[in-house]
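Engineer: The structure follows.
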Amino acid sequence: MSRSKTPSLIIGAGLMGRYHARAAREAGASICGIVDQDGEAAKSLAKRFGCAATTNLEEALRSTGAAVAHICTPAASHANIAIIVAKAGLHALIEKPLGVTAKDARRIHQCFELESPGKLVCPTHQYSFQRSVRTTSAKLPSLGTLRQLAFEICSAGAAAGHISPDQLIAEILPHPLSIAQQLVAGIDVAGLDWNCIRTGNGEWLVAARRDETLVTMSLSASGRPTRFRTHITAERGSIEIDHFHDFAVGLAGTVSKGQKVLAPFVRSGREFAGAAANLLARAGRREFAYPGLRRLVGEFYAAVRTPGSRSPITPTQSIAVAEARDKIMGLAAVG
């Protein structure tokens, strides 16, 4: 007997709405409706999935019979939409950042707890669900004391002018913060004593100490080429993760003259092999963009279908990221 499909509503018919819809379908959802203020955009995406399109959220919640809502609208609208969804009794997966502020994030979680007990709400921190991040997390204990966790991000998201460079960096922040939660057991990202140097619009260097580990984030809206890498340095070796392509390269901690001579060749060879194998694997899975999203969505739907299960990202983790983001934005004097 085939598993019944979970009826799901996509709110926001832009780029992320399209990818959420695809990931939901892969996870066993039946897309039952598309909502967007732009009626033509809603109809265009609905046509791909053979479902209803509307500009009216309340109407969609009444008529589609959806059990899950994907909120893929601009961040400023998340809190109000999430509260409507909670009161309608649906589970919700919400694009990052969960809310404009940590106050919004707490408000969203509290509303679900009060209005729809047992319904799950989860932010879309998909980078922490990447295969490379999960594999690295499993390997880290064997590398000894973690000394440095360094995130390096250059993004072109502000190039079109729809968002300011500082706003772009603020929207990116949940990704490295949630990856840190995955890689460093027990880390409280909200409790760290963050520091921030801002050299210009969209140019931030953020740092904090967590016990013996230095956590840094180099964030640029104008640096090129675009990239998102995590550099992990431990006592017995290092790992570098390429998040745009979802693969990791491990480097041994051996100290010798031969190692120094061979290091660039070993590094480039492993990176080439890792990139090639990863490209083939992602092509086979037809995962051409946003690696990690399908795994997060899959785990979310598995939790939705299992009564009593918790969200893949807990409210405590979600709120901690939002609070850390608020702190860092305050240090950068961005509101």
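Chain labels A, B, ... are given in the sequence in which chains occur in the structure tokens; within each chain residues are numbered consecutively from 1, and ligands are likewise numbered from 1 in the order shown.
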Listing only residues of region 240-313 of chain A within 10 Å of region 6-18 of chain A, what is the closest atom pair and its distance in Å (to one decimal) for each, using only C-alpha atoms, sorted by chain and residue number ascending, as a Markdown table?

Structural biologist:
| residue | atom | partner | partner_atom | distance |
| --- | --- | --- | --- | --- |
| A:Tyr290 | CA | A:Met16 | CA | 9.4 |
| A:Tyr301 | CA | A:Thr6 | CA | 8.2 |
| A:Val304 | CA | A:Thr6 | CA | 9.0 |
| A:Arg305 | CA | A:Thr6 | CA | 8.3 |

Engineer: Would you export the selected residues with N, CA and C atoms as an mmCIF file, in the first residue's frame, please?

Structural biologist:
data_model
loop_
_atom_site.group_PDB
_atom_site.id
_atom_site.type_symbol
_atom_site.label_atom_id
_atom_site.label_comp_id
_atom_site.auth_asym_id
_atom_site.auth_seq_id
_atom_site.Cartn_x
_atom_site.Cartn_y
_atom_site.Cartn_z
ATOM 1 N N TYR A 290 20.717 24.615 -3.989
ATOM 2 C CA TYR A 290 20.330 24.579 -2.582
ATOM 3 C C TYR A 290 20.512 23.200 -1.940
ATOM 4 N N TYR A 301 9.071 16.508 6.989
ATOM 5 C CA TYR A 301 7.859 15.739 6.666
ATOM 6 C C TYR A 301 7.820 14.413 7.420
ATOM 7 N N VAL A 304 6.478 15.339 10.698
ATOM 8 C CA VAL A 304 5.051 15.657 10.597
ATOM 9 C C VAL A 304 4.218 14.380 10.601
ATOM 10 N N ARG A 305 4.709 13.338 9.935
ATOM 11 C CA ARG A 305 3.958 12.091 9.808
ATOM 12 C C ARG A 305 4.082 11.181 11.033
#

Engineer: Can you build me a table of region 239-306 of chain A residues sitting at most 12 Å from region 94-109 of chain A, with the closest atom pair per residue and its distance in Å to one decimal, using only C-alpha atoms, sorted by chain and residue number, as a tab-separated table?

Structural biologist:
residue	atom	partner	partner_atom	distance
A:Leu293	CA	A:Glu95	CA	10.6
A:Leu296	CA	A:Ile94	CA	11.6
A:Val297	CA	A:Ile94	CA	10.7
A:Phe300	CA	A:Ile94	CA	11.3

Engineer: If I take CA of Ala69 (chain A) and CA of Ser178 (chain A), how far is one from the other in Å, to one decimal?

Structural biologist: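 Distance between the two atoms: 22.0 Å.
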
Engineer: What are the nearest atom pairs, with distances in Å to one decimal, for all residues of region 151-230 of chain A that come at most 12 Å from region 311-314 of chain A, using only C-alpha atoms, set out by chain and rising residue number as JSON lines?

Structural biologist:
{"residue": "A:Ser178", "atom": "CA", "partner": "A:Ile313", "partner_atom": "CA", "distance": 9.3}
{"residue": "A:Ile179", "atom": "CA", "partner": "A:Ile313", "partner_atom": "CA", "distance": 11.6}
{"residue": "A:Gln181", "atom": "CA", "partner": "A:Ile313", "partner_atom": "CA", "distance": 10.2}
{"residue": "A:Gln182", "atom": "CA", "partner": "A:Ile313", "partner_atom": "CA", "distance": 10.2}

Engineer: Selection from above, C-alpha atoms, as a CSV table (one decimal), in the first residue's frame, can you write it?

Structural biologist:
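Saved file again.csv follows:
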chain,number,residue,atom,x,y,z
A,178,SER,CA,23.1,27.1,12.3
A,179,ILE,CA,26.1,25.3,10.9
A,181,GLN,CA,25.2,24.5,16.0
A,182,GLN,CA,25.6,21.3,14.0

Engineer: Would you mind listing what lies within 12 Å of region 206-211 of chain A as an MDAnalysis selection string, with only C-alpha atoms counted and same-chain residues fewer than 4 positions away left out?

Structural biologist: chainID A and resid 145:153 169:170 173 176:177 180:181 184:199 215:220 324:325 327:332

Engineer: Looking at only C-alpha atoms, which of A:Ala221, A:Ala27, A:Val133, A:Ala333 is the one that sits closest to Gly292 (chain A)?

Structural biologist: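 Of the candidates, the smallest distance to Gly292 (chain A) is held by A:Val133.
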
Engineer: Can you measure CA of Phe247 (chain A) to CA of Gln317 (chain A) for me? One decimal in Å is fine.

Structural biologist: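 Separating CA of Phe247 (chain A) from CA of Gln317 (chain A) is a distance of 24.4 Å.
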
Engineer: Pull the closest atom pair for each residue of region 31-141 of chain A that gets at most 12 Å from region 260-284 of chain A, along with the distance in Å to one decimal, counting only C-alpha atoms, ordering rows by chain and then ascending residue number, as CSV.

Structural biologist:
residue,atom,partner,partner_atom,distance
A:Gln130,CA,A:Arg282,CA,11.7
A:Arg131,CA,A:Asn278,CA,10.2
A:Ser132,CA,A:Asn278,CA,9.8

Engineer: Between CA of Gly89 (chain A) and CA of Phe112 (chain A), what is the spacing in Å?

Structural biologist: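 Computing the Euclidean distance for CA of Phe112 (chain A) and CA of Gly89 (chain A) yields 8.5 Å.
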
Engineer: Can you pull out every residue within 10 Å of Gly50 (chain A), counting only C-alpha atoms, but drop anything in the same chain fewer than 4 positions away, and send it as a ChimeraX atom specification?

Structural biologist: /A:30-33,43,45-46

Engineer: Go ahead and save the picked residues with C-alpha atoms, as a PDB file, in the first residue's frame.

Structural biologist:
ATOM      1  CA  SER A  30       0.991  16.705  -2.676  1.00  0.00           C
ATOM      2  CA  ILE A  31       1.126  20.389  -3.559  1.00  0.00           C
ATOM      3  CA  CYS A  32      -2.488  21.462  -3.140  1.00  0.00           C
ATOM      4  CA  GLY A  33      -2.191  25.200  -3.571  1.00  0.00           C
ATOM      5  CA  LYS A  43      -0.771  30.631 -11.554  1.00  0.00           C
ATOM      6  CA  LEU A  45       3.876  27.843 -10.354  1.00  0.00           C
ATOM      7  CA  ALA A  46       0.492  26.175  -9.775  1.00  0.00           C
TER       8      ALA A  46
END
